[in-house]
>>> print(open('upload.cif').read())   # mmCIF, C-alpha atoms
data_my_file
#
loop_
_atom_site.label_atom_id
_atom_site.label_comp_id
_atom_site.auth_asym_id
_atom_site.auth_seq_id
_atom_site.Cartn_x
_atom_site.Cartn_y
_atom_site.Cartn_z
CA MET U 1 145.36 126.69 58.13
CA MET U 2 141.92 127.13 56.53
CA PRO U 3 139.84 130.07 57.90
CA PHE U 4 136.63 129.23 59.69
CA ALA U 5 133.50 129.59 57.57
CA GLN U 6 131.43 132.61 58.53
CA GLN U 7 128.40 131.55 60.56
CA GLU U 8 125.10 132.56 59.02
CA VAL U 9 123.05 134.92 61.19
CA THR U 10 119.54 133.72 62.03
CA PRO U 11 117.13 136.58 61.30
CA GLY U 12 115.16 138.07 64.16
CA THR U 13 111.40 138.09 64.68
CA LEU U 14 109.09 140.97 63.75
CA VAL U 15 106.62 141.27 66.63
CA LEU U 16 103.33 143.11 66.17
CA LEU U 17 101.27 144.54 69.05
CA ARG U 18 97.91 146.16 68.50
CA HIS U 19 97.05 148.98 70.90
CA GLY U 20 94.68 148.41 73.80
CA GLN U 21 90.95 149.04 73.87
CA THR U 22 89.49 152.45 73.04
CA VAL U 23 85.91 153.69 73.21
CA TRP U 24 85.63 153.45 69.44
CA SER U 25 87.13 149.96 69.21
CA GLU U 26 84.27 148.88 71.46
CA SER U 27 81.56 150.79 69.58
CA GLY U 28 82.77 149.63 66.16
CA GLN U 29 83.52 153.15 64.91
CA TYR U 30 86.34 153.28 62.36
CA THR U 31 89.30 154.87 64.08
CA GLY U 32 92.02 155.96 61.72
CA ARG U 33 93.72 159.28 62.38
CA THR U 34 91.45 160.54 65.17
CA ASP U 35 93.75 160.71 68.19
CA ILE U 36 91.79 159.08 71.01
CA THR U 37 93.24 157.52 74.13
CA LEU U 38 92.88 154.12 75.75
CA THR U 39 90.08 153.20 78.11
CA GLU U 40 90.95 151.91 81.59
CA THR U 41 90.46 148.41 80.22
CA GLY U 42 92.81 149.27 77.37
CA ARG U 43 95.47 150.44 79.80
CA GLN U 44 95.20 147.21 81.75
CA GLN U 45 95.43 145.26 78.49
CA ALA U 46 98.62 147.12 77.58
CA VAL U 47 100.26 146.24 80.90
CA ALA U 48 99.29 142.59 80.45
CA ALA U 49 100.66 142.58 76.89
CA GLY U 50 103.98 143.82 78.24
CA GLU U 51 104.08 140.93 80.70
CA ARG U 52 103.47 138.45 77.87
CA LEU U 53 106.21 140.05 75.81
CA ARG U 54 108.74 139.78 78.63
CA ALA U 55 107.85 136.12 79.11
CA ILE U 56 108.31 135.33 75.41
CA PHE U 57 111.31 137.60 74.83
CA PRO U 58 113.23 137.63 78.12
CA ARG U 59 116.13 139.46 76.50
CA GLY U 60 113.76 142.24 75.56
CA PHE U 61 114.14 144.65 72.66
CA GLU U 62 116.75 147.32 72.04
CA PRO U 63 115.17 150.81 72.30
CA GLN U 64 116.06 151.48 68.66
CA ASP U 65 114.17 148.32 67.68
CA VAL U 66 110.82 149.38 69.16
CA PHE U 67 108.67 151.39 66.74
CA THR U 68 105.24 152.92 67.32
CA SER U 69 102.60 154.71 65.35
CA PRO U 70 102.52 158.48 65.89
CA LEU U 71 99.01 158.17 67.36
CA VAL U 72 98.60 158.43 71.12
CA ARG U 73 96.75 155.14 71.64
CA ALA U 74 99.73 153.22 70.23
CA GLN U 75 102.34 155.23 72.11
CA GLU U 76 100.38 154.88 75.35
CA THR U 77 100.21 151.12 74.81
CA ALA U 78 103.97 150.93 74.22
CA ALA U 79 104.76 152.90 77.37
CA LEU U 80 102.40 150.86 79.57
CA ALA U 81 103.80 147.64 78.11
CA GLY U 82 107.23 148.70 79.35
CA PHE U 83 108.67 150.49 76.33
CA PRO U 84 108.61 154.21 77.15
CA THR U 85 111.61 154.75 74.87
CA HIS U 86 110.71 153.98 71.26
CA GLN U 87 110.98 155.28 67.73
CA VAL U 88 107.91 156.95 66.22
CA LEU U 89 107.39 155.69 62.68
CA ASP U 90 104.82 157.62 60.65
CA GLU U 91 104.39 154.65 58.33
CA LEU U 92 102.70 152.76 61.20
CA ALA U 93 99.79 155.20 61.48
CA GLU U 94 96.41 153.56 61.01
CA TRP U 95 94.72 153.38 57.61
CA ASP U 96 93.14 156.76 56.84
CA TYR U 97 89.44 155.90 56.55
CA GLY U 98 88.44 159.30 55.19
CA ARG U 99 84.66 159.72 55.19
CA ALA U 100 84.31 156.48 57.18
CA GLU U 101 86.23 157.94 60.13
CA GLY U 102 84.17 157.78 63.31
CA ARG U 103 81.31 155.95 61.57
CA THR U 104 80.21 152.35 61.89
CA ARG U 105 79.82 149.89 59.05
CA VAL U 106 76.06 149.83 59.71
CA GLN U 107 75.77 153.63 59.39
CA ILE U 108 77.63 153.66 56.09
CA SER U 109 75.66 150.72 54.68
CA GLU U 110 72.36 152.37 55.62
CA ALA U 111 73.39 155.59 53.87
CA LEU U 112 74.39 153.67 50.75
CA GLY U 113 71.34 151.43 50.78
CA SER U 114 73.60 148.42 50.31
CA PRO U 115 76.31 146.62 52.32
CA TRP U 116 79.61 148.52 52.50
CA ASP U 117 82.89 146.73 53.09
CA VAL U 118 86.15 148.59 53.74
CA TRP U 119 88.18 145.89 51.97
CA ARG U 120 85.97 145.85 48.89
CA GLU U 121 84.86 149.48 48.39
CA GLY U 122 87.49 151.21 50.52
CA PRO U 123 87.14 154.71 52.00
CA GLU U 124 86.45 156.04 48.51
CA GLY U 125 83.16 154.13 48.49
CA VAL U 126 81.72 156.06 51.46
CA PRO U 127 78.93 158.55 50.57
CA LEU U 128 79.99 162.17 50.05
CA GLN U 129 77.43 163.25 52.62
CA PHE U 130 79.88 162.08 55.32
CA SER U 131 82.55 164.58 54.19
CA GLY U 132 83.71 167.44 56.40
CA GLU U 133 84.92 168.03 59.93
CA ARG U 134 83.08 167.76 63.20
CA THR U 135 83.53 167.62 66.95
CA GLU U 136 82.37 164.45 68.70
CA ILE U 137 81.64 164.22 72.42
CA MET U 138 83.13 161.15 74.06
CA PRO U 139 81.41 159.19 76.88
CA ASP U 140 83.61 160.88 79.51
CA GLY U 141 82.56 164.34 78.29
CA SER U 142 85.79 165.11 76.45
CA THR U 143 85.71 166.06 72.78
CA VAL U 144 87.68 164.94 69.73
CA HIS U 145 88.09 166.61 66.37
CA VAL U 146 87.12 164.27 63.52
CA VAL U 147 88.22 164.90 59.95
CA ASN U 148 86.32 163.12 57.16
CA GLY U 149 88.50 163.76 54.13
CA GLU U 150 89.31 161.74 51.02
CA GLY U 151 90.95 158.90 52.91
CA GLU U 152 93.67 156.55 51.73
CA LEU U 153 93.56 153.93 49.00
CA LEU U 154 94.35 150.43 50.23
CA GLU U 155 97.28 150.25 47.81
CA VAL U 156 98.73 153.44 49.27
CA ALA U 157 98.41 152.08 52.81
CA ALA U 158 100.11 148.86 51.66
CA ALA U 159 103.03 150.78 50.15
CA ARG U 160 103.40 152.70 53.40
CA ALA U 161 103.38 149.44 55.38
CA SER U 162 106.12 148.09 53.12
CA ARG U 163 108.28 151.08 54.01
CA ALA U 164 107.79 150.25 57.71
CA ILE U 165 109.04 146.73 57.04
CA GLU U 166 112.11 148.15 55.30
CA ALA U 167 112.83 150.27 58.38
CA ALA U 168 112.93 147.07 60.47
CA ARG U 169 114.83 144.94 57.97
CA PRO U 170 118.42 145.89 58.95
CA ALA U 171 117.87 144.89 62.59
CA LEU U 172 116.04 141.70 61.61
CA MET U 173 118.83 140.66 59.26
CA GLN U 174 121.33 141.21 62.06
CA GLY U 175 119.39 138.75 64.22
CA ARG U 176 117.62 141.27 66.44
CA ASP U 177 113.91 141.13 67.28
CA VAL U 178 111.84 144.19 66.34
CA LEU U 179 108.57 145.34 67.94
CA PHE U 180 105.89 147.33 66.09
CA VAL U 181 103.11 148.85 68.25
CA ALA U 182 100.31 150.10 66.04
CA HIS U 183 96.76 149.41 64.85
CA ALA U 184 94.64 146.52 63.60
CA HIS U 185 94.20 147.38 59.94
CA ILE U 186 97.68 148.69 59.20
CA LEU U 187 99.30 145.73 60.98
CA ARG U 188 97.13 143.29 59.05
CA ILE U 189 97.98 145.05 55.78
CA LEU U 190 101.65 145.10 56.79
CA THR U 191 101.54 141.33 57.31
CA THR U 192 100.33 140.77 53.76
CA GLN U 193 103.24 142.82 52.46
CA PHE U 194 105.70 140.90 54.64
CA LEU U 195 104.35 137.69 53.09
CA GLY U 196 104.23 139.09 49.55
CA GLU U 197 100.43 138.75 49.33
CA ASP U 198 97.61 140.94 48.02
CA PRO U 199 96.73 143.53 50.68
CA ARG U 200 93.06 142.56 50.45
CA SER U 201 93.91 139.18 51.96
CA ALA U 202 94.39 141.09 55.24
CA ARG U 203 90.62 140.75 55.71
CA HIS U 204 91.25 137.16 56.75
CA LEU U 205 93.61 138.13 59.60
CA ARG U 206 91.73 138.93 62.79
CA LEU U 207 93.69 141.04 65.28
CA ASP U 208 92.14 141.90 68.66
CA THR U 209 93.06 144.76 70.97
CA ALA U 210 96.39 144.36 72.80
CA HIS U 211 97.06 141.04 71.04
CA LEU U 212 100.39 139.95 69.62
CA CYS U 213 101.67 138.39 66.40
CA ARG U 214 105.06 137.02 65.38
CA LEU U 215 106.37 137.22 61.82
CA GLY U 216 109.58 135.52 60.83
CA PHE U 217 111.61 133.53 58.37
CA TYR U 218 111.62 129.81 57.62
CA LYS U 219 113.84 128.14 55.00
CA GLY U 220 114.06 131.34 53.01
CA ASP U 221 110.36 132.18 53.21
CA THR U 222 108.61 134.87 55.20
CA VAL U 223 106.03 133.27 57.50
CA ILE U 224 103.51 133.89 60.27
CA GLU U 225 104.96 132.17 63.32
CA GLU U 226 102.09 132.97 65.69
CA TRP U 227 98.97 135.12 65.33
CA ASN U 228 96.55 137.02 67.58
CA PHE U 229 97.66 135.65 70.94
#
>>> encode(input="upload.cif", output="structure tokens")
Amino acid sequence: MMPFAQQEVTPGTLVLLRHGQTVWSESGQYTGRTDITLTETGRQQAVAAGERLRAIFPRGFEPQDVFTSPLVRAQETAALAGFPTHQVLDELAEWDYGRAEGRTRVQISEALGSPWDVWREGPEGVPLQFSGERTEIMPDGSTVHVVNGEGELLEVAAARASRAIEAARPALMQGRDVLFVAHAHILRILTTQFLGEDPRSARHLRLDTAHLCRLGFYKGDTVIEEWNF
């Protein structure tokens, strides 16, 4: 009697969730490693994102298949979305903007005297006058410590994002869905690496607060199944 052929496992889906609104996401200040929390709107967004996830993935995610950035705004989003138990993955931390941290694009462009673009010039293109450390007072009266160091090259951030994908690969190849809860820029960069594209093409991928994306596999190719919903 001939043995049955082994059934091929259908890979799982890599789900991306950007954290909810923060004060700086509203003001347009670059928020990399500064550890700020969600606004009340951001907390409500996180709860709503969890409801969307449960509707799309009724079987949910195994606790070992939920990964978050080490930053509090991502971990808070994960918990409010219904995933209090998760794995912290340092590779999912936001792009380190260096001297751009806590600044707006307009402020940096005015200091340069010409338009500055994070995808084109990167953190290394920000004027040296923005170097150092400072304390910033938030609208609610609390303070945050802001470090304006050298920052991170885009290529370094892309390599880090690739390592995050590798951490998810075993579960995906076993047919399990994996959830990443992190930040706009690193998730956009991560998507380019999943697709095998230049990290600068991430500029064309808009990702709003508390919005979801689905990455998957189709006929041997890595694909975007759904984006920014």
>>> residues_near_point(input="upload.cif", point="(98.3, 155.1, 72.9)", cutoff="12 Å", atoms="all atoms listed in the file", output="ChimeraX atom specification")
/U:17-22,34-40,42-43,45-46,68-81,83-84,88,93,181-183,209-210
>>> resolve_selection(input="upload.cif", expression="the PyMOL selection byres ((chain U and resi 132-143) around 10)", output="NGL selection string")
:U and (23-24 or 36 or 98-99 or 102 or 128-131 or 144-150)
>>> residues_around(input="upload.cif", residues="U:Arg105", least_positions_apart="4", cutoff="10 Å", atoms="only C-alpha atoms", output="ChimeraX atom specification")
/U:28-30,100,109-110,115-118,126
>>> closest_residue(input="upload.cif", among="U:Val223, U:Leu53, U:Val106, U:Leu207", to="U:Ile186", atoms="only C-alpha atoms")
U:Leu207
>>> atom_distance(input="upload.cif", atom1="atom CA of U:Tyr97", atom2="atom CA of U:Gly216")
29.0 Å
>>> residues_around(input="upload.cif", residues="U:Met173", least_positions_apart="5", cutoff="10 Å", atoms="only C-alpha atoms", output="list of chain:residue names")
U:Val9, U:Thr10, U:Pro11, U:Gly12, U:Thr13, U:Ala168
>>> closest_residue(input="upload.cif", among="U:Leu92, U:Arg206, U:Pro123, U:Leu215", to="U:Ala158", atoms="all atoms listed in the file")
U:Leu92
>>> atom_distance(input="upload.cif", atom1="atom CA of U:Asn228", atom2="atom CA of U:Leu187")
11.3 Å
>>> closest_residue(input="upload.cif", among="U:Glu26, U:Gly196, U:Gln107, U:Ser114", to="U:Thr41", atoms="only C-alpha atoms")
U:Glu26
>>> closest_residue(input="upload.cif", among="U:Ala55, U:Gly82, U:Leu190, U:Asp65", to="U:Gln174", atoms="only C-alpha atoms")
U:Asp65
>>> closest_residue(input="upload.cif", among="U:Gly32, U:Arg160, U:Phe229, U:Val66", to="U:Arg103", atoms="all atoms listed in the file")
U:Gly32
>>> atom_distance(input="upload.cif", atom1="atom CA of U:Asp208", atom2="atom CA of U:Phe180")
15.0 Å
>>> residues_around(input="upload.cif", residues="U:Trp119", least_positions_apart="2", cutoff="7 Å", atoms="all atoms listed in the file", output="PyMOL selection string")
chain U and resi 117+121-122+200+203
>>> closest_residue(input="upload.cif", among="U:Ala167, U:Ile56, U:Ala111, U:Leu154", to="U:Asp90", atoms="all atoms listed in the file")
U:Ala167
>>> resolve_selection(input="upload.cif", expression="the PyMOL selection byres ((chain U and resi 227) around 7)", output="list of chain:residue names")
U:Leu212, U:Cys213, U:Arg214, U:Ile224, U:Glu225, U:Glu226, U:Asn228, U:Phe229
>>> build_atoms(input="upload.cif", residues="stretch 17-28 of chain U", atoms="all heavy atoms", output="mmCIF file, in the coordinates of the input")
data_model
loop_
_atom_site.group_PDB
_atom_site.id
_atom_site.type_symbol
_atom_site.label_atom_id
_atom_site.label_comp_id
_atom_site.auth_asym_id
_atom_site.auth_seq_id
_atom_site.Cartn_x
_atom_site.Cartn_y
_atom_site.Cartn_z
ATOM 1 N N LEU U 17 102.169 144.348 67.903
ATOM 2 C CA LEU U 17 101.270 144.540 69.050
ATOM 3 C C LEU U 17 100.236 145.592 68.679
ATOM 4 O O LEU U 17 100.587 146.741 68.383
ATOM 5 C CB LEU U 17 102.059 144.976 70.282
ATOM 6 C CG LEU U 17 101.240 145.444 71.494
ATOM 7 C CD1 LEU U 17 100.303 144.353 71.993
ATOM 8 C CD2 LEU U 17 102.173 145.921 72.621
ATOM 9 N N ARG U 18 98.981 145.181 68.690
ATOM 10 C CA ARG U 18 97.910 146.160 68.500
ATOM 11 C C ARG U 18 97.691 146.907 69.811
ATOM 12 O O ARG U 18 97.814 146.341 70.895
ATOM 13 C CB ARG U 18 96.605 145.458 68.078
ATOM 14 C CG ARG U 18 95.474 146.462 67.801
ATOM 15 C CD ARG U 18 94.144 145.779 67.533
ATOM 16 N NE ARG U 18 93.093 146.772 67.428
ATOM 17 C CZ ARG U 18 91.797 146.491 67.334
ATOM 18 N NH1 ARG U 18 91.398 145.229 67.333
ATOM 19 N NH2 ARG U 18 90.896 147.454 67.261
ATOM 20 N N HIS U 19 97.323 148.175 69.703
ATOM 21 C CA HIS U 19 97.050 148.980 70.900
ATOM 22 C C HIS U 19 95.874 148.418 71.698
ATOM 23 O O HIS U 19 95.071 147.622 71.196
ATOM 24 C CB HIS U 19 96.776 150.431 70.522
ATOM 25 C CG HIS U 19 95.531 150.600 69.684
ATOM 26 N ND1 HIS U 19 94.265 150.549 70.218
ATOM 27 C CD2 HIS U 19 95.368 150.816 68.366
ATOM 28 C CE1 HIS U 19 93.369 150.725 69.266
ATOM 29 N NE2 HIS U 19 94.013 150.886 68.116
ATOM 30 N N GLY U 20 95.761 148.860 72.936
ATOM 31 C CA GLY U 20 94.680 148.410 73.800
ATOM 32 C C GLY U 20 93.330 149.018 73.407
ATOM 33 O O GLY U 20 93.222 149.847 72.505
ATOM 34 N N GLN U 21 92.322 148.618 74.153
ATOM 35 C CA GLN U 21 90.950 149.040 73.870
ATOM 36 C C GLN U 21 90.773 150.557 73.917
ATOM 37 O O GLN U 21 91.337 151.245 74.763
ATOM 38 C CB GLN U 21 90.011 148.390 74.889
ATOM 39 C CG GLN U 21 88.539 148.693 74.694
ATOM 40 C CD GLN U 21 87.722 148.385 75.941
ATOM 41 O OE1 GLN U 21 87.622 149.189 76.846
ATOM 42 N NE2 GLN U 21 87.174 147.182 75.983
ATOM 43 N N THR U 22 89.951 151.066 73.001
ATOM 44 C CA THR U 22 89.490 152.450 73.040
ATOM 45 C C THR U 22 87.972 152.441 73.032
ATOM 46 O O THR U 22 87.348 151.406 72.775
ATOM 47 C CB THR U 22 89.997 153.263 71.830
ATOM 48 O OG1 THR U 22 89.348 152.768 70.642
ATOM 49 C CG2 THR U 22 91.508 153.181 71.676
ATOM 50 N N VAL U 23 87.368 153.585 73.263
ATOM 51 C CA VAL U 23 85.910 153.690 73.210
ATOM 52 C C VAL U 23 85.401 153.292 71.836
ATOM 53 O O VAL U 23 84.395 152.568 71.696
ATOM 54 C CB VAL U 23 85.470 155.121 73.579
ATOM 55 C CG1 VAL U 23 83.979 155.297 73.305
ATOM 56 C CG2 VAL U 23 85.760 155.410 75.036
ATOM 57 N N TRP U 24 86.094 153.729 70.796
ATOM 58 C CA TRP U 24 85.630 153.450 69.440
ATOM 59 C C TRP U 24 85.901 152.011 69.016
ATOM 60 O O TRP U 24 85.166 151.475 68.188
ATOM 61 C CB TRP U 24 86.264 154.425 68.456
ATOM 62 C CG TRP U 24 85.621 155.787 68.462
ATOM 63 C CD1 TRP U 24 84.661 156.236 69.332
ATOM 64 C CD2 TRP U 24 85.877 156.857 67.562
ATOM 65 N NE1 TRP U 24 84.306 157.523 69.031
ATOM 66 C CE2 TRP U 24 85.044 157.941 67.945
ATOM 67 C CE3 TRP U 24 86.730 157.023 66.481
ATOM 68 C CZ2 TRP U 24 85.046 159.153 67.270
ATOM 69 C CZ3 TRP U 24 86.735 158.235 65.803
ATOM 70 C CH2 TRP U 24 85.899 159.286 66.195
ATOM 71 N N SER U 25 86.932 151.374 69.561
ATOM 72 C CA SER U 25 87.130 149.960 69.210
ATOM 73 C C SER U 25 85.995 149.120 69.781
ATOM 74 O O SER U 25 85.634 148.081 69.215
ATOM 75 C CB SER U 25 88.493 149.453 69.715
ATOM 76 O OG SER U 25 88.517 149.315 71.123
ATOM 77 N N GLU U 26 85.407 149.583 70.868
ATOM 78 C CA GLU U 26 84.270 148.880 71.460
ATOM 79 C C GLU U 26 82.964 149.177 70.713
ATOM 80 O O GLU U 26 82.113 148.300 70.570
ATOM 81 C CB GLU U 26 84.123 149.275 72.937
ATOM 82 C CG GLU U 26 85.110 148.583 73.850
ATOM 83 C CD GLU U 26 84.954 147.069 73.809
ATOM 84 O OE1 GLU U 26 84.031 146.545 74.444
ATOM 85 O OE2 GLU U 26 85.754 146.405 73.108
ATOM 86 N N SER U 27 82.812 150.406 70.244
ATOM 87 C CA SER U 27 81.560 150.790 69.580
ATOM 88 C C SER U 27 81.542 150.390 68.108
ATOM 89 O O SER U 27 80.487 150.436 67.465
ATOM 90 C CB SER U 27 81.370 152.311 69.680
ATOM 91 O OG SER U 27 82.410 152.997 69.000
ATOM 92 N N GLY U 28 82.711 150.007 67.563
ATOM 93 C CA GLY U 28 82.770 149.630 66.160
ATOM 94 C C GLY U 28 82.939 150.801 65.217
ATOM 95 O O GLY U 28 82.784 150.655 63.994
#
